[in-house]
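Everything on this sheet refers to the single structure shown next.
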Amino acid sequence: MIPLTLHVNGHIYRLQVEPNRTLLSVLRDDLGLTGTKQNCLQGTCGVCTVLVDGLAINSCLYPAQRAEGKQITTIEGLAENGCLHPLQQAFLDKQAVQCGYCTPGVILSALALLNENPDPTDDEIKTALAGNLCRCTGYAKIMEAVHAAAEVMRR
Amino acid sequence: MTAYYDYFSPTTWDEAVSLLMTYGPDAKILAGGTVVMNQLARGLIAPRQIISLDRIPGWDTIHMDGAVTFGAGTTYRQIERALRTTPGFTALVEAAGKVGSVQVRNVATIAGNFCHASPAGDSMPPLLALDASLVLYGPDGTRTVPADEFIVAPKTTALHPGEVVREFHVPALPNGTATAFLKFGRRQAMEISFVCVAARLTLAPDRRTCIAARIALGAVAPTPIRARDAERVLEGQALTPEAFDEAADIAMHAASPISDLRASADYRRHIVRVMVRRALELCWQRGATL
């Protein structure tokens, strides 16, 4: 076991982990932050997406050790004082959530996009979300929700 | 859980090389992780040591002073952003923007693409077309290998034991250089190329005569290749649609594709001709506005 200090959603966690752990498994199993999901473990589906220093990455492919000293954002870090983030609210308002399994990853990818590009085109949203697969919604409501959240966030 | 490994984060190139020499073939270098972590998760590899290079200063630094040098750890995202408006680098920026997904591009590296040495690596044709070279560092010091000599066979590189890729070097491009990259597959993201093509034309001030041409093909041979016979047809000539047709035809014959789960050899050959034609046309259009 080796020491690992993680900054997650503004909190500091001091852990002892095996060196071969992924960031995904430490977030879920050691920190209990199960909003980030596990699925393909190959970096193709995107349900494990978290932000590291503001960039969307597949945490299933990210060694936990590599996250030392970086700012990690998971879906649990979006709501503030019980108030949903505009993206979360928009996904509810537009009914862009069905089973919900892809949703945390999609929202984080969308957040990374909007932080950099506050008024994206459809194509820019599609590019930003191309690494997040959804089997339920057909993506149309997701597109609407991202546009709606962007509009709120621009105010 | 994947097989156990010790995880090292050397902070100098010498430390990295020393670790590699100590542990030998049991150790695996980790760059972006999108290949190695994937292989680990699927049980395809079981290294005893992972040597991550991401803490070495300069790992992902880009220098631009006419020539462009970028560290082995430069990610596709960094390439997309830093070189977006650099003349002649359109093909590399386009290729960088088409790899995988945003999540992949944020961590995956050009060096990792070359060291994995799939013949279909999208970063390869653009760098071949730009006459790039790789700077290697190992127990015997530094040496430079041209990009088109680095991959010697599928999944096999020119790296000696203990050597790592340190940086990529692209020489200064002449005025009047335009490039283009085209990728062919079933979908717009998360795709391994069936065929990928990079072209480069350096035009004389008349914007009609070709001073230099490069045509690089990916996924249609055991390694990425230059279609040198096709290039020779263009160099020194006035560029016309007929010249592009001829070059595309010759380039098609430079390819030796296989039939696999993605496409048949015949289809790949056909696509090579179509895409080389289009890429040359794009270079010409872009060159006209330089």
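Residue numbers start at 1 in each chain; chains themselves are named A, B, ... in the order of the structure tokens; ligands are numbered from 1 in the order shown.
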
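Neighbouring residues of A:Arg14 at 8 Å or closer, counting only C-alpha atoms and skipping chain neighbours under 2 positions away, are Pro3, Leu4, Thr5, Leu6, Ile12 and Gln16 of chain A.
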
So that I have them on file, write out the residues from the current selection with N, CA and C atoms, as a short mmCIF file (atom, residue, chain, number, x, y, z; two decimals), in the first residue's frame.
data_model
loop_
_atom_site.label_atom_id
_atom_site.label_comp_id
_atom_site.auth_asym_id
_atom_site.auth_seq_id
_atom_site.Cartn_x
_atom_site.Cartn_y
_atom_site.Cartn_z
N PRO A 3 0.83 5.75 0.06
CA PRO A 3 -0.04 6.88 0.36
C PRO A 3 -0.48 7.60 -0.91
N LEU A 4 -1.69 8.13 -0.87
CA LEU A 4 -2.23 8.89 -2.00
C LEU A 4 -3.12 9.98 -1.44
N THR A 5 -2.86 11.21 -1.84
CA THR A 5 -3.71 12.33 -1.41
C THR A 5 -4.49 12.81 -2.61
N LEU A 6 -5.81 12.81 -2.49
CA LEU A 6 -6.66 13.22 -3.60
C LEU A 6 -7.47 14.46 -3.22
N ILE A 12 -10.10 17.24 0.65
CA ILE A 12 -8.83 16.50 0.59
C ILE A 12 -9.02 15.16 1.27
N GLN A 16 -4.55 5.23 1.73
CA GLN A 16 -3.50 4.23 1.50
C GLN A 16 -4.10 3.25 0.49
#

What are the closest atom pairs, with distances in Å to one decimal, for each residue of chain A lying within 10 Å of chain B, using only C-alpha atoms, rows by chain and rising residue number, as a tab-separated table?
residue	atom	partner	partner_atom	distance
A:Met1	CA	B:Asp6	CA	9.9
A:Ile2	CA	B:Tyr7	CA	9.8
A:Glu18	CA	B:Tyr4	CA	8.2
A:Pro19	CA	B:Tyr7	CA	5.6
A:Asn20	CA	B:Tyr5	CA	5.6
A:Arg21	CA	B:Met1	CA	7.8
A:Thr22	CA	B:Met37	CA	8.7
A:Ser25	CA	B:Met1	CA	9.1
A:Cys40	CA	B:Ala41	CA	9.6
A:Leu41	CA	B:Ala41	CA	6.6
A:Gln42	CA	B:Asn38	CA	5.0
A:Gly43	CA	B:Thr34	CA	7.1
A:Thr44	CA	B:Met190	CA	7.0
A:Cys45	CA	B:Met190	CA	9.6
A:Gly46	CA	B:Gln103	CA	7.8
A:Thr49	CA	B:Gln103	CA	7.5
A:Val50	CA	B:Gln103	CA	9.2
A:Leu51	CA	B:Gln103	CA	9.3
A:Val52	CA	B:Asn106	CA	9.8
A:Leu55	CA	B:Asn106	CA	6.7
A:Ala56	CA	B:Gln103	CA	5.3
A:Ile57	CA	B:Gln103	CA	4.3
A:Asn58	CA	B:Gln103	CA	5.8
A:Ser59	CA	B:Gln103	CA	9.3
A:Cys60	CA	B:Met37	CA	8.0
A:Leu61	CA	B:Met37	CA	5.1
A:Tyr62	CA	B:Gly33	CA	6.7
A:Pro63	CA	B:Met37	CA	7.9
A:Gln65	CA	B:Tyr7	CA	7.7
A:Arg66	CA	B:Asp54	CA	8.1
A:Ser109	CA	B:Gln103	CA	8.3
A:Ala112	CA	B:Val102	CA	9.9
A:Leu113	CA	B:Val102	CA	9.7
A:Lys126	CA	B:Ala189	CA	9.8
A:Thr127	CA	B:Val102	CA	7.5
A:Ala128	CA	B:Val102	CA	6.0
A:Leu129	CA	B:Val102	CA	7.7
A:Ala130	CA	B:Ser101	CA	5.8
A:Gly131	CA	B:Ser101	CA	4.8
A:Asn132	CA	B:Ser101	CA	8.6

Dump as a CSV table (one decimal), in the first residue's frame, selection limited to N, CA and C atoms:
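Dumped to out-v3.csv:
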chain,number,residue,atom,x,y,z
A,1,MET,N,0.9,-1.2,0.0
A,1,MET,CA,0.0,0.0,0.0
A,1,MET,C,0.9,1.2,0.0
A,2,ILE,N,0.4,2.2,-0.7
A,2,ILE,CA,1.2,3.5,-0.7
A,2,ILE,C,0.3,4.7,-0.5
A,18,GLU,N,-3.4,0.3,-3.0
A,18,GLU,CA,-2.4,-0.5,-3.8
A,18,GLU,C,-2.0,0.4,-5.0
A,19,PRO,N,-0.8,0.2,-5.5
A,19,PRO,CA,-0.4,1.1,-6.6
A,19,PRO,C,-1.1,0.8,-7.9
A,20,ASN,N,-1.8,-0.3,-8.1
A,20,ASN,CA,-2.4,-0.7,-9.3
A,20,ASN,C,-3.9,-0.3,-9.4
A,21,ARG,N,-4.3,0.6,-8.6
A,21,ARG,CA,-5.7,1.0,-8.6
A,21,ARG,C,-5.9,2.1,-9.6
A,22,THR,N,-7.1,2.1,-10.2
A,22,THR,CA,-7.5,3.2,-11.1
A,22,THR,C,-8.2,4.2,-10.3
A,25,SER,N,-11.9,3.2,-9.5
A,25,SER,CA,-12.1,2.3,-8.4
A,25,SER,C,-11.9,3.0,-7.0
A,40,CYS,N,-17.5,-0.2,-19.3
A,40,CYS,CA,-16.7,-1.0,-20.3
A,40,CYS,C,-15.2,-1.2,-19.8
A,41,LEU,N,-14.7,-0.3,-19.0
A,41,LEU,CA,-13.3,-0.4,-18.5
A,41,LEU,C,-12.4,-0.3,-19.7
A,42,GLN,N,-12.8,0.2,-20.8
A,42,GLN,CA,-11.9,0.3,-22.0
A,42,GLN,C,-11.8,1.8,-22.5
A,43,GLY,N,-12.5,2.7,-21.9
A,43,GLY,CA,-12.4,4.1,-22.4
A,43,GLY,C,-13.3,4.4,-23.6
A,44,THR,N,-14.3,3.5,-23.8
A,44,THR,CA,-15.1,3.8,-25.0
A,44,THR,C,-16.5,4.3,-24.6
A,45,CYS,N,-17.1,4.0,-23.4
A,45,CYS,CA,-18.5,4.3,-23.1
A,45,CYS,C,-18.6,5.7,-22.4
A,46,GLY,N,-17.7,6.1,-21.6
A,46,GLY,CA,-17.7,7.4,-20.9
A,46,GLY,C,-18.5,7.5,-19.6
A,49,THR,N,-16.6,9.1,-16.7
A,49,THR,CA,-16.0,10.4,-16.9
A,49,THR,C,-16.0,11.2,-15.7
A,50,VAL,N,-14.8,11.8,-15.3
A,50,VAL,CA,-14.7,12.8,-14.3
A,50,VAL,C,-13.8,13.9,-14.9
A,51,LEU,N,-13.8,15.0,-14.2
A,51,LEU,CA,-12.9,16.1,-14.6
A,51,LEU,C,-11.6,16.1,-13.8
A,52,VAL,N,-10.5,16.2,-14.4
A,52,VAL,CA,-9.2,16.3,-13.7
A,52,VAL,C,-8.6,17.6,-14.2
A,55,LEU,N,-10.4,19.0,-17.1
A,55,LEU,CA,-10.5,18.2,-18.4
A,55,LEU,C,-11.3,16.9,-18.2
A,56,ALA,N,-12.2,16.6,-19.1
A,56,ALA,CA,-12.9,15.3,-19.0
A,56,ALA,C,-12.0,14.2,-19.3
A,57,ILE,N,-11.9,13.2,-18.5
A,57,ILE,CA,-11.1,12.0,-18.7
A,57,ILE,C,-11.9,10.7,-18.3
A,58,ASN,N,-11.5,9.6,-18.9
A,58,ASN,CA,-12.1,8.3,-18.5
A,58,ASN,C,-11.3,7.8,-17.3
A,59,SER,N,-12.0,7.8,-16.1
A,59,SER,CA,-11.3,7.5,-14.9
A,59,SER,C,-11.0,6.0,-14.8
A,60,CYS,N,-11.6,5.2,-15.7
A,60,CYS,CA,-11.3,3.7,-15.7
A,60,CYS,C,-9.9,3.5,-16.3
A,61,LEU,N,-9.3,4.5,-17.0
A,61,LEU,CA,-8.0,4.3,-17.7
A,61,LEU,C,-7.0,5.2,-17.0
A,62,TYR,N,-7.3,5.8,-15.9
A,62,TYR,CA,-6.5,6.8,-15.2
A,62,TYR,C,-5.9,6.2,-13.9
A,63,PRO,N,-4.6,6.0,-13.9
A,63,PRO,CA,-4.1,5.4,-12.6
A,63,PRO,C,-4.4,6.4,-11.4
A,65,GLN,N,-2.7,6.9,-8.9
A,65,GLN,CA,-1.4,7.6,-8.5
A,65,GLN,C,-1.3,8.8,-9.3
A,66,ARG,N,-1.7,8.8,-10.6
A,66,ARG,CA,-1.5,10.0,-11.4
A,66,ARG,C,-2.3,11.2,-11.0
A,109,SER,N,-19.0,15.9,-19.0
A,109,SER,CA,-18.4,16.2,-20.3
A,109,SER,C,-19.0,17.5,-20.8
A,112,ALA,N,-17.5,20.5,-18.9
A,112,ALA,CA,-16.1,20.8,-19.4
A,112,ALA,C,-16.3,21.6,-20.7
A,113,LEU,N,-17.2,21.3,-21.5
A,113,LEU,CA,-17.5,22.0,-22.8
A,113,LEU,C,-17.9,23.4,-22.4
A,126,LYS,N,-22.0,17.8,-29.9
A,126,LYS,CA,-21.8,16.4,-30.3
A,126,LYS,C,-20.4,15.9,-30.2
A,127,THR,N,-19.5,16.8,-30.6
A,127,THR,CA,-18.0,16.4,-30.5
A,127,THR,C,-17.7,16.2,-29.0
A,128,ALA,N,-18.2,17.2,-28.2
A,128,ALA,CA,-17.8,17.1,-26.8
A,128,ALA,C,-18.4,15.8,-26.1
A,129,LEU,N,-19.5,15.4,-26.6
A,129,LEU,CA,-20.2,14.2,-26.0
A,129,LEU,C,-20.0,12.9,-26.7
A,130,ALA,N,-19.1,12.9,-27.7
A,130,ALA,CA,-19.0,11.7,-28.6
A,130,ALA,C,-18.4,10.6,-27.8
A,131,GLY,N,-17.8,10.8,-26.7
A,131,GLY,CA,-17.2,9.8,-25.8
A,131,GLY,C,-18.1,9.3,-24.7
A,132,ASN,N,-19.4,9.7,-24.8
A,132,ASN,CA,-20.4,9.3,-23.8
A,132,ASN,C,-21.6,8.7,-24.5

query = Got a sec: who's within 8 Å of A:Pro86, counting only C-alpha atoms, leaving out chain neighbours fewer than 2 positions off, as a ChimeraX atom specification?
reply = /A:84,88-90,149,152-153

key: Residue contacts of stretch 215-230 of chain B (6 Å, only C-alpha atoms) excluding same-chain residues fewer than 4 positions away, as a VMD selection string   = chain B and resid 119 to 120 125 129 153 to 154 195 to 199 247 250 to 251 254 to 257

Write the residues of the selection above to a file with all heavy atoms, as a CSV table (one decimal), in the first residue's frame.
chain,number,residue,atom,x,y,z
B,119,PRO,N,-0.4,0.1,-37.4
B,119,PRO,CA,-0.3,0.8,-38.7
B,119,PRO,C,-1.4,1.8,-39.0
B,119,PRO,O,-1.2,2.6,-39.9
B,119,PRO,CB,-0.4,-0.4,-39.7
B,119,PRO,CG,-0.8,-1.6,-39.0
B,119,PRO,CD,-0.6,-1.4,-37.6
B,120,ALA,N,-2.4,1.8,-38.2
B,120,ALA,CA,-3.5,2.7,-38.4
B,120,ALA,C,-3.5,4.0,-37.5
B,120,ALA,O,-4.5,4.7,-37.5
B,120,ALA,CB,-4.9,2.0,-38.1
B,125,PRO,N,0.4,9.5,-40.4
B,125,PRO,CA,0.6,10.1,-41.7
B,125,PRO,C,0.9,11.6,-41.7
B,125,PRO,O,1.8,12.0,-42.5
B,125,PRO,CB,-0.8,9.8,-42.4
B,125,PRO,CG,-1.2,8.5,-41.7
B,125,PRO,CD,-0.8,8.7,-40.3
B,129,ALA,N,4.3,13.2,-43.4
B,129,ALA,CA,4.2,14.2,-44.4
B,129,ALA,C,4.9,15.5,-44.0
B,129,ALA,O,5.3,16.3,-44.9
B,129,ALA,CB,2.7,14.5,-44.7
B,153,ALA,N,7.3,-2.7,-38.1
B,153,ALA,CA,6.4,-3.7,-38.4
B,153,ALA,C,5.2,-3.5,-37.4
B,153,ALA,O,5.3,-2.7,-36.5
B,153,ALA,CB,7.0,-5.1,-38.1
B,154,PRO,N,4.1,-4.1,-37.7
B,154,PRO,CA,2.9,-3.9,-36.8
B,154,PRO,C,3.3,-4.2,-35.3
B,154,PRO,O,3.9,-5.2,-35.0
B,154,PRO,CB,1.9,-4.9,-37.3
B,154,PRO,CG,2.2,-5.2,-38.7
B,154,PRO,CD,3.7,-5.0,-38.8
B,195,VAL,N,-8.8,3.6,-43.4
B,195,VAL,CA,-7.7,4.2,-44.3
B,195,VAL,C,-7.5,5.6,-43.7
B,195,VAL,O,-8.5,6.2,-43.4
B,195,VAL,CB,-8.2,4.3,-45.7
B,195,VAL,CG1,-7.1,5.1,-46.5
B,195,VAL,CG2,-8.5,3.0,-46.4
B,196,CYS,N,-6.3,6.1,-43.6
B,196,CYS,CA,-6.1,7.5,-43.3
B,196,CYS,C,-5.0,8.0,-44.2
B,196,CYS,O,-4.1,7.2,-44.5
B,196,CYS,CB,-5.9,7.8,-41.8
B,196,CYS,SG,-4.6,6.9,-41.0
B,197,VAL,N,-5.1,9.3,-44.6
B,197,VAL,CA,-4.2,9.8,-45.6
B,197,VAL,C,-3.8,11.2,-45.1
B,197,VAL,O,-4.7,12.0,-44.7
B,197,VAL,CB,-5.0,9.9,-46.9
B,197,VAL,CG1,-4.2,10.8,-47.9
B,197,VAL,CG2,-5.2,8.6,-47.5
B,198,ALA,N,-2.5,11.6,-45.3
B,198,ALA,CA,-2.1,12.9,-45.1
B,198,ALA,C,-1.4,13.3,-46.3
B,198,ALA,O,-0.6,12.6,-46.9
B,198,ALA,CB,-1.2,13.1,-43.9
B,199,ALA,N,-1.6,14.6,-46.8
B,199,ALA,CA,-0.9,15.1,-48.0
B,199,ALA,C,-0.4,16.4,-47.6
B,199,ALA,O,-0.9,17.2,-46.8
B,199,ALA,CB,-1.9,15.2,-49.2
B,247,ALA,N,-1.5,11.0,-59.5
B,247,ALA,CA,-0.8,10.7,-58.3
B,247,ALA,C,-1.6,9.8,-57.4
B,247,ALA,O,-1.1,8.9,-56.7
B,247,ALA,CB,-0.5,12.0,-57.5
B,250,ILE,N,-1.3,6.2,-58.6
B,250,ILE,CA,0.0,5.6,-58.2
B,250,ILE,C,0.1,5.3,-56.7
B,250,ILE,O,0.6,4.3,-56.2
B,250,ILE,CB,1.2,6.5,-58.6
B,250,ILE,CG1,1.2,6.6,-60.2
B,250,ILE,CG2,2.5,6.0,-58.1
B,250,ILE,CD1,2.1,7.7,-60.7
B,251,ALA,N,-0.5,6.3,-55.9
B,251,ALA,CA,-0.5,6.1,-54.5
B,251,ALA,C,-1.3,4.8,-54.1
B,251,ALA,O,-0.9,4.1,-53.2
B,251,ALA,CB,-1.1,7.3,-53.8
B,254,ALA,N,0.8,1.9,-54.1
B,254,ALA,CA,1.8,1.9,-53.0
B,254,ALA,C,1.2,1.1,-51.8
B,254,ALA,O,2.0,0.7,-51.0
B,254,ALA,CB,2.2,3.3,-52.6
B,255,ALA,N,-0.1,1.1,-51.7
B,255,ALA,CA,-0.7,0.5,-50.6
B,255,ALA,C,-0.7,-1.0,-50.7
B,255,ALA,O,-0.9,-1.6,-51.8
B,255,ALA,CB,-2.1,1.0,-50.4
B,256,SER,N,-0.6,-1.7,-49.6
B,256,SER,CA,-0.7,-3.2,-49.6
B,256,SER,C,-1.6,-3.6,-48.4
B,256,SER,O,-1.2,-4.2,-47.4
B,256,SER,CB,0.7,-3.8,-49.4
B,256,SER,OG,1.3,-3.4,-48.2
B,257,PRO,N,-2.9,-3.2,-48.5
B,257,PRO,CA,-3.8,-3.4,-47.4
B,257,PRO,C,-4.2,-4.9,-47.2
B,257,PRO,O,-4.0,-5.7,-48.1
B,257,PRO,CB,-5.0,-2.6,-47.8
B,257,PRO,CG,-5.0,-2.6,-49.3
B,257,PRO,CD,-3.6,-2.6,-49.7

query = Skipping near chain neighbours, those fewer than 5 positions away, what residues fall within 12 Å of B:Thr142 using only C-alpha atoms, listed as a PyMOL selection string?
reply = chain B and resi 13-14+17+134-137+159-160+162-167

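When atom CA of B:Glu242 is paired with atom CA of B:Arg186, their separation reads 29.3 Å.
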
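Proximity of A:Val146, A:Val8, A:Cys136, A:Leu31 to A:Gly69, computed with only C-alpha atoms, is greatest for A:Val8.
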
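Our summary of the geometry notes that atom CA of A:Tyr13 is positioned 18.0 Å from atom CA of A:Leu78.
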
task = Can you check which residues of stretch 18-95 of chain A DSSP gives as alpha helix (DSSP H) on the backbone and send them as an MDAnalysis selection string?
result = chainID A and resid 23:25 86:93

Next, the residues of the selection above should be written as a PDB file, in the first residue's frame with C-alpha atoms.
ATOM      1  CA  LEU A  23      -8.995   6.528 -10.211  1.00  0.00           C
ATOM      2  CA  LEU A  24     -12.440   5.081 -10.937  1.00  0.00           C
ATOM      3  CA  SER A  25     -12.124   2.306  -8.391  1.00  0.00           C
ATOM      4  CA  PRO A  86     -27.889  24.383 -14.058  1.00  0.00           C
ATOM      5  CA  LEU A  87     -26.821  21.326 -16.066  1.00  0.00           C
ATOM      6  CA  GLN A  88     -28.426  18.964 -13.570  1.00  0.00           C
ATOM      7  CA  GLN A  89     -31.605  21.047 -13.498  1.00  0.00           C
ATOM      8  CA  ALA A  90     -31.758  21.249 -17.284  1.00  0.00           C
ATOM      9  CA  PHE A  91     -31.399  17.481 -17.626  1.00  0.00           C
ATOM     10  CA  LEU A  92     -34.396  17.068 -15.329  1.00  0.00           C
ATOM     11  CA  ASP A  93     -36.438  19.831 -16.956  1.00  0.00           C
TER      12      ASP A  93
END

inquiry  = Using only C-alpha atoms, which protein or nucleic acid residues come within 6 Å of stretch 275-286 of chain B? Drop anything in the same chain fewer than 4 positions from it, and give the result as number ranges by chain.
reply    = B: 178-180, 199, 244, 248, 271

ask   = By how many Å are atom CA of B:Leu261 and atom CA of B:Ala158 apart?
value = 27.8 Å

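Considering only C-alpha atoms, the residue among B:Pro161, B:Glu94, B:Asp65, B:Phe194 positioned nearest to B:Asp26 is B:Pro161.
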
task = Taking the DSSP assignment computed from this structure's backbone, write out as a ChimeraX atom specification all residues of chain A that belong to strand (DSSP E or B).
result = /A:2-8,11-17,22,49-52,55-58,63,71-73,80,83
